[in-house]
Amino acid sequence: MAKSHPVDAHVGVRMRQRRTLLGMSQTKLGEAVGLTFQQVQKYERGANRVGSSRLYEFSRALDVPVSYFFDEMPGNALSGRPMAAKVKRGTGFGEAGTPFATEKDPLIKRETLQLVRAYYRIQDEPVRRRIYELVKSMGEASHASRPTKKK
């Protein structure tokens, strides 16, 4: 099987991320855009390229702008492409890229998406804010207590 183009893979990851965040199944998304869940699965894996009209349908079904699928695009996604050398650095979308490699990106893990969904189900805003502050402080304390490597 041929390797997915980095842009197709990124669009697929963003599609899966949004679908999962909404709690939507591949079947439900497929029904919304007239596809089978297997076809949605291929798009999410980056195995199939998404045409512009299909991407527009996905954006409507997932309630995001089309640009959402290209957010956080790694700056090197087009490296090795003929036109990539002609584009001035810093002029494209998502030049900053993501802080993690796709395989290690905690933002695409199911656990993270479930946590975000559960967090936003909390109706009481002051309670939700206190939970946010608690988790944030625990993360900072955990990071601060890690031993640093000496050179």
# chains A, B, ... in the order shown; residues from 1 in each chain; ligands from 1
>>> residues_around(residues="A:Ser25", least_positions_apart="2", cutoff="12 Å", atoms="only C-alpha atoms", output="number ranges by chain")
A: 15-23, 27-32, 36-38, 40-41, 62
>>> write_last_selection(atoms="N, CA, C and O atoms", output="CSV table (one decimal), in the first residue's frame")
chain,number,residue,atom,x,y,z
A,15,MET,N,-10.1,15.4,10.9
A,15,MET,CA,-11.4,14.9,10.7
A,15,MET,C,-11.8,14.0,11.9
A,15,MET,O,-12.9,14.1,12.5
A,16,ARG,N,-10.9,13.0,12.1
A,16,ARG,CA,-11.2,12.1,13.2
A,16,ARG,C,-11.3,12.8,14.5
A,16,ARG,O,-12.1,12.5,15.4
A,17,GLN,N,-10.4,13.7,14.8
A,17,GLN,CA,-10.4,14.5,16.0
A,17,GLN,C,-11.7,15.2,16.2
A,17,GLN,O,-12.3,15.1,17.3
A,18,ARG,N,-12.2,15.9,15.2
A,18,ARG,CA,-13.4,16.6,15.4
A,18,ARG,C,-14.6,15.7,15.5
A,18,ARG,O,-15.5,15.9,16.4
A,19,ARG,N,-14.6,14.6,14.7
A,19,ARG,CA,-15.8,13.6,14.8
A,19,ARG,C,-15.8,13.0,16.2
A,19,ARG,O,-16.9,12.9,16.8
A,20,THR,N,-14.7,12.6,16.7
A,20,THR,CA,-14.6,12.0,18.1
A,20,THR,C,-15.0,13.0,19.1
A,20,THR,O,-15.7,12.7,20.1
A,21,LEU,N,-14.5,14.3,19.0
A,21,LEU,CA,-14.9,15.3,20.0
A,21,LEU,C,-16.4,15.5,20.0
A,21,LEU,O,-17.0,15.7,21.1
A,22,LEU,N,-17.1,15.4,18.9
A,22,LEU,CA,-18.5,15.5,18.9
A,22,LEU,C,-19.2,14.3,19.3
A,22,LEU,O,-20.5,14.3,19.4
A,23,GLY,N,-18.5,13.2,19.5
A,23,GLY,CA,-19.1,11.9,19.9
A,23,GLY,C,-19.9,11.3,18.7
A,23,GLY,O,-20.8,10.5,18.9
A,27,THR,N,-20.1,5.9,11.1
A,27,THR,CA,-21.3,5.6,10.4
A,27,THR,C,-22.2,6.8,10.3
A,27,THR,O,-22.7,7.2,9.2
A,28,LYS,N,-22.3,7.5,11.4
A,28,LYS,CA,-23.2,8.7,11.5
A,28,LYS,C,-22.6,9.8,10.5
A,28,LYS,O,-23.3,10.5,9.8
A,29,LEU,N,-21.3,10.0,10.6
A,29,LEU,CA,-20.6,11.0,9.7
A,29,LEU,C,-20.8,10.6,8.2
A,29,LEU,O,-21.2,11.4,7.4
A,30,GLY,N,-20.6,9.3,8.0
A,30,GLY,CA,-20.8,8.8,6.6
A,30,GLY,C,-22.3,9.1,6.1
A,30,GLY,O,-22.4,9.5,5.0
A,31,GLU,N,-23.2,8.8,7.0
A,31,GLU,CA,-24.6,9.1,6.6
A,31,GLU,C,-24.9,10.5,6.3
A,31,GLU,O,-25.6,10.9,5.3
A,32,ALA,N,-24.2,11.4,7.0
A,32,ALA,CA,-24.4,12.9,6.8
A,32,ALA,C,-23.8,13.4,5.5
A,32,ALA,O,-24.3,14.4,5.0
A,36,THR,N,-20.1,5.4,3.2
A,36,THR,CA,-20.1,4.3,4.1
A,36,THR,C,-19.1,4.6,5.2
A,36,THR,O,-18.2,5.4,5.0
A,37,PHE,N,-19.2,3.9,6.3
A,37,PHE,CA,-18.2,4.1,7.4
A,37,PHE,C,-16.8,3.7,6.9
A,37,PHE,O,-15.8,4.3,7.4
A,38,GLN,N,-16.7,2.8,6.0
A,38,GLN,CA,-15.4,2.3,5.5
A,38,GLN,C,-14.8,3.5,4.7
A,38,GLN,O,-13.6,3.6,4.8
A,40,VAL,N,-15.3,6.7,5.2
A,40,VAL,CA,-14.9,7.7,6.2
A,40,VAL,C,-13.6,7.2,6.8
A,40,VAL,O,-12.7,8.0,7.0
A,41,GLN,N,-13.5,6.0,7.1
A,41,GLN,CA,-12.3,5.4,7.7
A,41,GLN,C,-11.1,5.6,6.8
A,41,GLN,O,-10.0,6.0,7.3
A,62,LEU,N,-19.5,18.4,10.3
A,62,LEU,CA,-18.7,18.5,11.6
A,62,LEU,C,-18.8,19.9,12.2
A,62,LEU,O,-18.2,20.1,13.3
>>> residues_around(residues="A:Tyr68", least_positions_apart="6", cutoff="9 Å", atoms="only C-alpha atoms", output="short mmCIF file (atom, residue, chain, number, x, y, z; two decimals) with N, CA, C and O atoms, in the first residue's frame")
data_model
loop_
_atom_site.label_atom_id
_atom_site.label_comp_id
_atom_site.auth_asym_id
_atom_site.auth_seq_id
_atom_site.Cartn_x
_atom_site.Cartn_y
_atom_site.Cartn_z
N VAL A 11 -5.22 16.04 7.31
CA VAL A 11 -6.66 16.31 7.16
C VAL A 11 -7.47 15.18 7.79
O VAL A 11 -8.45 15.42 8.50
N ARG A 14 -7.36 15.46 11.60
CA ARG A 14 -8.23 16.55 12.06
C ARG A 14 -9.70 16.14 11.94
O ARG A 14 -10.53 16.46 12.81
N MET A 15 -10.05 15.39 10.90
CA MET A 15 -11.43 14.93 10.71
C MET A 15 -11.82 13.98 11.85
O MET A 15 -12.88 14.13 12.46
N SER A 59 -16.98 19.56 6.41
CA SER A 59 -16.95 20.75 7.28
C SER A 59 -18.35 21.11 7.77
O SER A 59 -18.52 21.50 8.92
#
>>> atom_distance(atom1="atom CA of A:Val50", atom2="atom CA of A:His5")
11.5 Å
>>> closest_residue(among="A:Arg49, A:Arg121, A:Arg146, A:Arg129", to="A:Pro6", atoms="only C-alpha atoms")
A:Arg49
>>> closest_residue(among="A:Asn48, A:Gln123, A:Ser53, A:Gln114", to="A:Ala9", atoms="only C-alpha atoms")
A:Asn48
>>> closest_residue(among="A:Val127, A:Ala61, A:Leu55, A:Ala47", to="A:Met24", atoms="only C-alpha atoms")
A:Ala61
>>> atom_distance(atom1="atom CA of A:Gly51", atom2="atom CA of A:Asp8")
10.3 Å
